[in-house]
Structures are given as structure tokens and as C-alpha cells.
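Student: The structure is given below, and queries will be raised subsequently.
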Amino acid sequence: MSVVLIRSLILYIVVIFGVRLMGKRQLGELQPSELVITILISNIATLPLEDTSIPLVLGILPILALVCFEAVMSWITLKSIRIRRIVSGRPKIIIRDGKLEQATIRDLRLSVDDVMMSLRQNDVFDISQVQYAIMETTGSISVYLKPEFQPLTQGDIHLKQKAINPPIAIIQDGCVMNKSLAMIGKNAVWLKQKLAEHRLTEDQVLLMIGDENGECTIIPKKWGDKA
């Protein structure tokens, strides 16, 4: 039992290391080659756990080899558009000017239900409102609406506002994020002042979020409060 536990911990560390080397992507954003590597790694990692007679190194080496191969392929695809298209394919237009490209969706083996579901996920319920819809190489669908159906922005009404970075976490579970303080242009003195206004210490704060304007939201570990 202890052998299986130790092997599990070692393989867990190796797989996490390999996935980190492959980059940060969600499962639905993986390219075909990345998805294949991920599946192979998961299958290989289970072999030494199911059969303890298999040397652990025979499970680790193939995983590292696949990760290195993926890293090399990523570098090659960055340098060569042709190889990138062979490995990952290319985006396909499935809707043009509110009309389905029926030949394209047949080639992609997409049903009308698949297309409509993807449109609804993009908050579009009427296909006639779509100027372009593109099937990306990851399998997701990007939607570009016709101008008359696009949301109104401040730029459309020529309203200019100063760009402000979004609020970020300053304290998490009692720990001060010093880098976050620096990002919003604040210091420890400002932080202590804000905490004093709420009669709190750092250890009593579950979450504190603030922005460069000095506005913040403080959630104590037992109750919520807003600055």
C-alpha cells in the first residue's frame, strides 16, 4: 500500500511538472496535439500504479519524453505556419452574413443544434444577427455580430473616461499581497489606515480587494463589510 502511495505522489509531481511545461490552457482550449499528449500522459501515469511490478522509471521517462516532444513541436509550429496548419488545422467560417455555410459545417461534422448551442453560449439567439462565426482550431466558435446588433460602447457616444485597472486582492485569508499593493500604487500605511477604519487587523480579514483610486471592499472572516 505504501509503495502505491509513494508512486502516486511521485507521478503526481511529474505530471504536474509536465502540464506546467506545456503551458496554461483550459481543457476546451487545447490544440489537437496538446489534447493527444494530455490523454497519453494520463494513461501512461496509471500503468505503474496498476501494476507495481513495472519499474517507476518506465512510467516517468515516457511522460518526460512526450512533454519534451510537445515543447519541440510547439517551437516548430511557432516558426512555421505550414506545419502549424498541418498539426492544428485552420479556422473555418461557418456563418457568413447571417447565413450558414452548409458545406463547411458538413465537412466539420457539425449539426445545426451544435451551431445554435454555440451561438447561445455567446448570447446570440438569432443567426441573422451574425456577420461572421468562425470555428477555431480549439473547437470553440467565435461570433462577430452585425454592427446594428453590437452592444453600445462609450466610444460610440464619444464618452471618454480615464482607463482604470480592475480591483485586485490585497489581503487573502489574513496574508497581505505586497505586490498587489504596489500595483495599485498604495503602501502599508494606507493599508493600516483602511483596516483601522474598520477596526480590523490583517489576521481578521478573509479578503480585501482594492483599486488605484483607494476604493476597497473588505470581507472579515466572520462578516462582510464594504469601504
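Simple scheme: letters A, B, ... for chains in C-alpha cells order, numbers from 1 for residues in each chain, numbers from 1 for ligands in the order shown.
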Please identify every residue of segment 123-187 of chain A that has at least one atom no farther than 8 Å from an atom of segment 110-118 of chain A, counting only C-alpha atoms, and for each give the shortest atom pair and the distance in Å to one decimal, arranged by chain then increasing number, as a Markdown table.

Tutor:
| residue | atom | partner | partner_atom | distance |
| --- | --- | --- | --- | --- |
| A:Phe125 | CA | A:Met116 | CA | 7.5 |
| A:Ile127 | CA | A:Met116 | CA | 7.9 |
| A:Ser140 | CA | A:Ser118 | CA | 7.9 |
| A:Ile141 | CA | A:Ser118 | CA | 6.4 |

Student: Residues of the last selection are to be written out with C-alpha atoms, as a PDB file, in the first residue's frame.

Tutor:
ATOM      1  CA  PHE A 125     -30.231  33.572 -30.324  1.00  0.00           C
ATOM      2  CA  ILE A 127     -28.493  33.624 -36.548  1.00  0.00           C
ATOM      3  CA  SER A 140     -14.717  26.854 -29.909  1.00  0.00           C
ATOM      4  CA  ILE A 141     -16.804  29.216 -32.024  1.00  0.00           C
TER       5      ILE A 141
END

Student: Compare A:Gln193, A:Gly185, A:Ile81, A:Pro32 by their minimum atom-to-atom distance to Thr137 of chain A, counting only C-alpha atoms, and give me the closest one.

Tutor: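 The closest residue to Thr137 of chain A is A:Pro32.
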
Student: Using only C-alpha atoms, pick whichever of A:Val130, A:Ile13, A:Ile54, A:Ala65 has the shortest atom-to-atom distance to Leu100 of chain A.

Tutor: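 Closest to Leu100 of chain A, using only C-alpha atoms: A:Val130.
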
Student: Could you tell me which of A:Arg90, A:Lys99, A:Lys194, A:Arg106 comes closest to Ile209 of chain A if we count only C-alpha atoms?

Tutor: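 Distance minimum relative to Ile209 of chain A lands on A:Lys194.
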
Student: Residues of segment 29-99 of chain A classed as alpha helix (DSSP H) by DSSP on the backbone are to be reported as a PyMOL selection string.

Tutor: chain A and resi 32-50+57-79+81-88

Student: Grab the residues selected above and save them as a tab-separated table (two decimals), in the first residue's frame with N, CA and C atoms.

Tutor:
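Saved the output as out36.tsv:
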chain	number	residue	atom	x	y	z
A	32	PRO	N	-5.34	20.08	-30.95
A	32	PRO	CA	-5.41	18.62	-31.09
A	32	PRO	C	-4.17	17.90	-30.59
A	33	SER	N	-2.98	18.42	-30.93
A	33	SER	CA	-1.74	17.76	-30.50
A	33	SER	C	-1.60	17.79	-28.98
A	34	GLU	N	-2.01	18.91	-28.35
A	34	GLU	CA	-1.92	19.02	-26.90
A	34	GLU	C	-2.90	18.08	-26.21
A	35	LEU	N	-4.08	17.93	-26.81
A	35	LEU	CA	-5.07	17.02	-26.23
A	35	LEU	C	-4.57	15.58	-26.30
A	36	VAL	N	-3.95	15.20	-27.41
A	36	VAL	CA	-3.41	13.84	-27.56
A	36	VAL	C	-2.33	13.59	-26.52
A	37	ILE	N	-1.41	14.54	-26.34
A	37	ILE	CA	-0.35	14.40	-25.35
A	37	ILE	C	-0.93	14.26	-23.95
A	38	THR	N	-1.95	15.06	-23.64
A	38	THR	CA	-2.58	15.01	-22.32
A	38	THR	C	-3.19	13.65	-22.06
A	39	ILE	N	-3.89	13.09	-23.05
A	39	ILE	CA	-4.51	11.77	-22.90
A	39	ILE	C	-3.44	10.69	-22.71
A	40	LEU	N	-2.38	10.75	-23.52
A	40	LEU	CA	-1.32	9.76	-23.41
A	40	LEU	C	-0.64	9.81	-22.05
A	41	ILE	N	-0.37	11.03	-21.57
A	41	ILE	CA	0.28	11.17	-20.26
A	41	ILE	C	-0.59	10.58	-19.16
A	42	SER	N	-1.90	10.85	-19.21
A	42	SER	CA	-2.80	10.32	-18.17
A	42	SER	C	-2.84	8.80	-18.20
A	43	ASN	N	-2.81	8.21	-19.40
A	43	ASN	CA	-2.84	6.74	-19.50
A	43	ASN	C	-1.52	6.12	-19.03
A	44	ILE	N	-0.41	6.73	-19.44
A	44	ILE	CA	0.90	6.20	-19.05
A	44	ILE	C	1.09	6.27	-17.54
A	45	ALA	N	0.61	7.35	-16.93
A	45	ALA	CA	0.79	7.54	-15.49
A	45	ALA	C	0.07	6.47	-14.68
A	46	THR	N	-0.99	5.91	-15.21
A	46	THR	CA	-1.74	4.90	-14.46
A	46	THR	C	-1.09	3.51	-14.49
A	47	LEU	N	-0.22	3.26	-15.48
A	47	LEU	CA	0.36	1.91	-15.62
A	47	LEU	C	1.19	1.49	-14.41
A	48	PRO	N	2.15	2.31	-13.94
A	48	PRO	CA	2.92	1.89	-12.76
A	48	PRO	C	2.09	1.80	-11.49
A	49	LEU	N	0.93	2.45	-11.47
A	49	LEU	CA	0.07	2.37	-10.29
A	49	LEU	C	-0.76	1.10	-10.29
A	50	GLU	N	-1.18	0.67	-11.48
A	50	GLU	CA	-1.98	-0.54	-11.58
A	50	GLU	C	-1.13	-1.80	-11.43
A	57	VAL	N	10.45	4.12	-13.23
A	57	VAL	CA	11.14	4.90	-14.24
A	57	VAL	C	10.53	4.67	-15.62
A	58	LEU	N	9.93	3.49	-15.85
A	58	LEU	CA	9.29	3.22	-17.14
A	58	LEU	C	8.00	4.01	-17.31
A	59	GLY	N	7.48	4.55	-16.23
A	59	GLY	CA	6.33	5.43	-16.33
A	59	GLY	C	6.73	6.88	-16.44
A	60	ILE	N	7.83	7.25	-15.78
A	60	ILE	CA	8.28	8.63	-15.78
A	60	ILE	C	8.94	9.03	-17.10
A	61	LEU	N	9.80	8.17	-17.63
A	61	LEU	CA	10.53	8.50	-18.85
A	61	LEU	C	9.63	8.79	-20.04
A	62	PRO	N	8.59	7.95	-20.31
A	62	PRO	CA	7.70	8.28	-21.44
A	62	PRO	C	6.97	9.61	-21.25
A	63	ILE	N	6.59	9.92	-20.00
A	63	ILE	CA	5.91	11.19	-19.74
A	63	ILE	C	6.83	12.36	-20.06
A	64	LEU	N	8.07	12.29	-19.58
A	64	LEU	CA	9.02	13.37	-19.85
A	64	LEU	C	9.34	13.46	-21.34
A	65	ALA	N	9.40	12.30	-22.00
A	65	ALA	CA	9.68	12.30	-23.44
A	65	ALA	C	8.55	12.97	-24.21
A	66	LEU	N	7.30	12.68	-23.83
A	66	LEU	CA	6.14	13.29	-24.50
A	66	LEU	C	6.10	14.80	-24.27
A	67	VAL	N	6.42	15.21	-23.04
A	67	VAL	CA	6.43	16.64	-22.74
A	67	VAL	C	7.50	17.35	-23.55
A	68	CYS	N	8.68	16.74	-23.64
A	68	CYS	CA	9.76	17.34	-24.44
A	68	CYS	C	9.38	17.40	-25.91
A	69	PHE	N	8.74	16.34	-26.40
A	69	PHE	CA	8.28	16.32	-27.79
A	69	PHE	C	7.27	17.42	-28.05
A	70	GLU	N	6.34	17.62	-27.10
A	70	GLU	CA	5.34	18.68	-27.26
A	70	GLU	C	6.00	20.05	-27.24
A	71	ALA	N	7.02	20.23	-26.38
A	71	ALA	CA	7.73	21.51	-26.33
A	71	ALA	C	8.44	21.79	-27.65
A	72	VAL	N	9.04	20.75	-28.23
A	72	VAL	CA	9.73	20.91	-29.52
A	72	VAL	C	8.72	21.22	-30.62
A	73	MET	N	7.58	20.52	-30.62
A	73	MET	CA	6.55	20.76	-31.63
A	73	MET	C	5.97	22.16	-31.50
A	74	SER	N	5.82	22.63	-30.27
A	74	SER	CA	5.31	23.99	-30.06
A	74	SER	C	6.26	25.01	-30.65
A	75	TRP	N	7.56	24.78	-30.46
A	75	TRP	CA	8.55	25.70	-31.00
A	75	TRP	C	8.53	25.67	-32.53
A	76	ILE	N	8.39	24.47	-33.09
A	76	ILE	CA	8.37	24.34	-34.56
A	76	ILE	C	7.14	25.02	-35.14
A	77	THR	N	5.97	24.82	-34.50
A	77	THR	CA	4.74	25.43	-35.02
A	77	THR	C	4.76	26.95	-34.90
A	78	LEU	N	5.51	27.46	-33.91
A	78	LEU	CA	5.65	28.91	-33.80
A	78	LEU	C	6.46	29.47	-34.96
A	79	LYS	N	7.39	28.69	-35.46
A	79	LYS	CA	8.28	29.14	-36.52
A	79	LYS	C	7.72	28.88	-37.92
A	81	ILE	N	4.28	28.41	-40.27
A	81	ILE	CA	2.83	28.49	-40.44
A	81	ILE	C	2.30	27.22	-41.09
A	82	ARG	N	3.05	26.67	-42.06
A	82	ARG	CA	2.61	25.47	-42.77
A	82	ARG	C	2.46	24.29	-41.82
A	83	ILE	N	3.46	24.06	-40.98
A	83	ILE	CA	3.39	22.95	-40.02
A	83	ILE	C	2.30	23.21	-38.99
A	84	ARG	N	2.14	24.47	-38.59
A	84	ARG	CA	1.09	24.82	-37.64
A	84	ARG	C	-0.28	24.45	-38.19
A	85	ARG	N	-0.49	24.70	-39.49
A	85	ARG	CA	-1.78	24.37	-40.09
A	85	ARG	C	-1.96	22.87	-40.24
A	86	ILE	N	-0.87	22.14	-40.48
A	86	ILE	CA	-0.96	20.69	-40.59
A	86	ILE	C	-1.31	20.07	-39.24
A	87	VAL	N	-0.66	20.55	-38.18
A	87	VAL	CA	-0.85	19.98	-36.85
A	87	VAL	C	-2.17	20.44	-36.22
A	88	SER	N	-2.45	21.72	-36.30
A	88	SER	CA	-3.60	22.29	-35.59
A	88	SER	C	-4.79	22.60	-36.48

Student: Please compute the atom CA of Lys221 of chain A-atom CA of Leu206 of chain A distance, one decimal, in Å.

Tutor: 4.7 Å
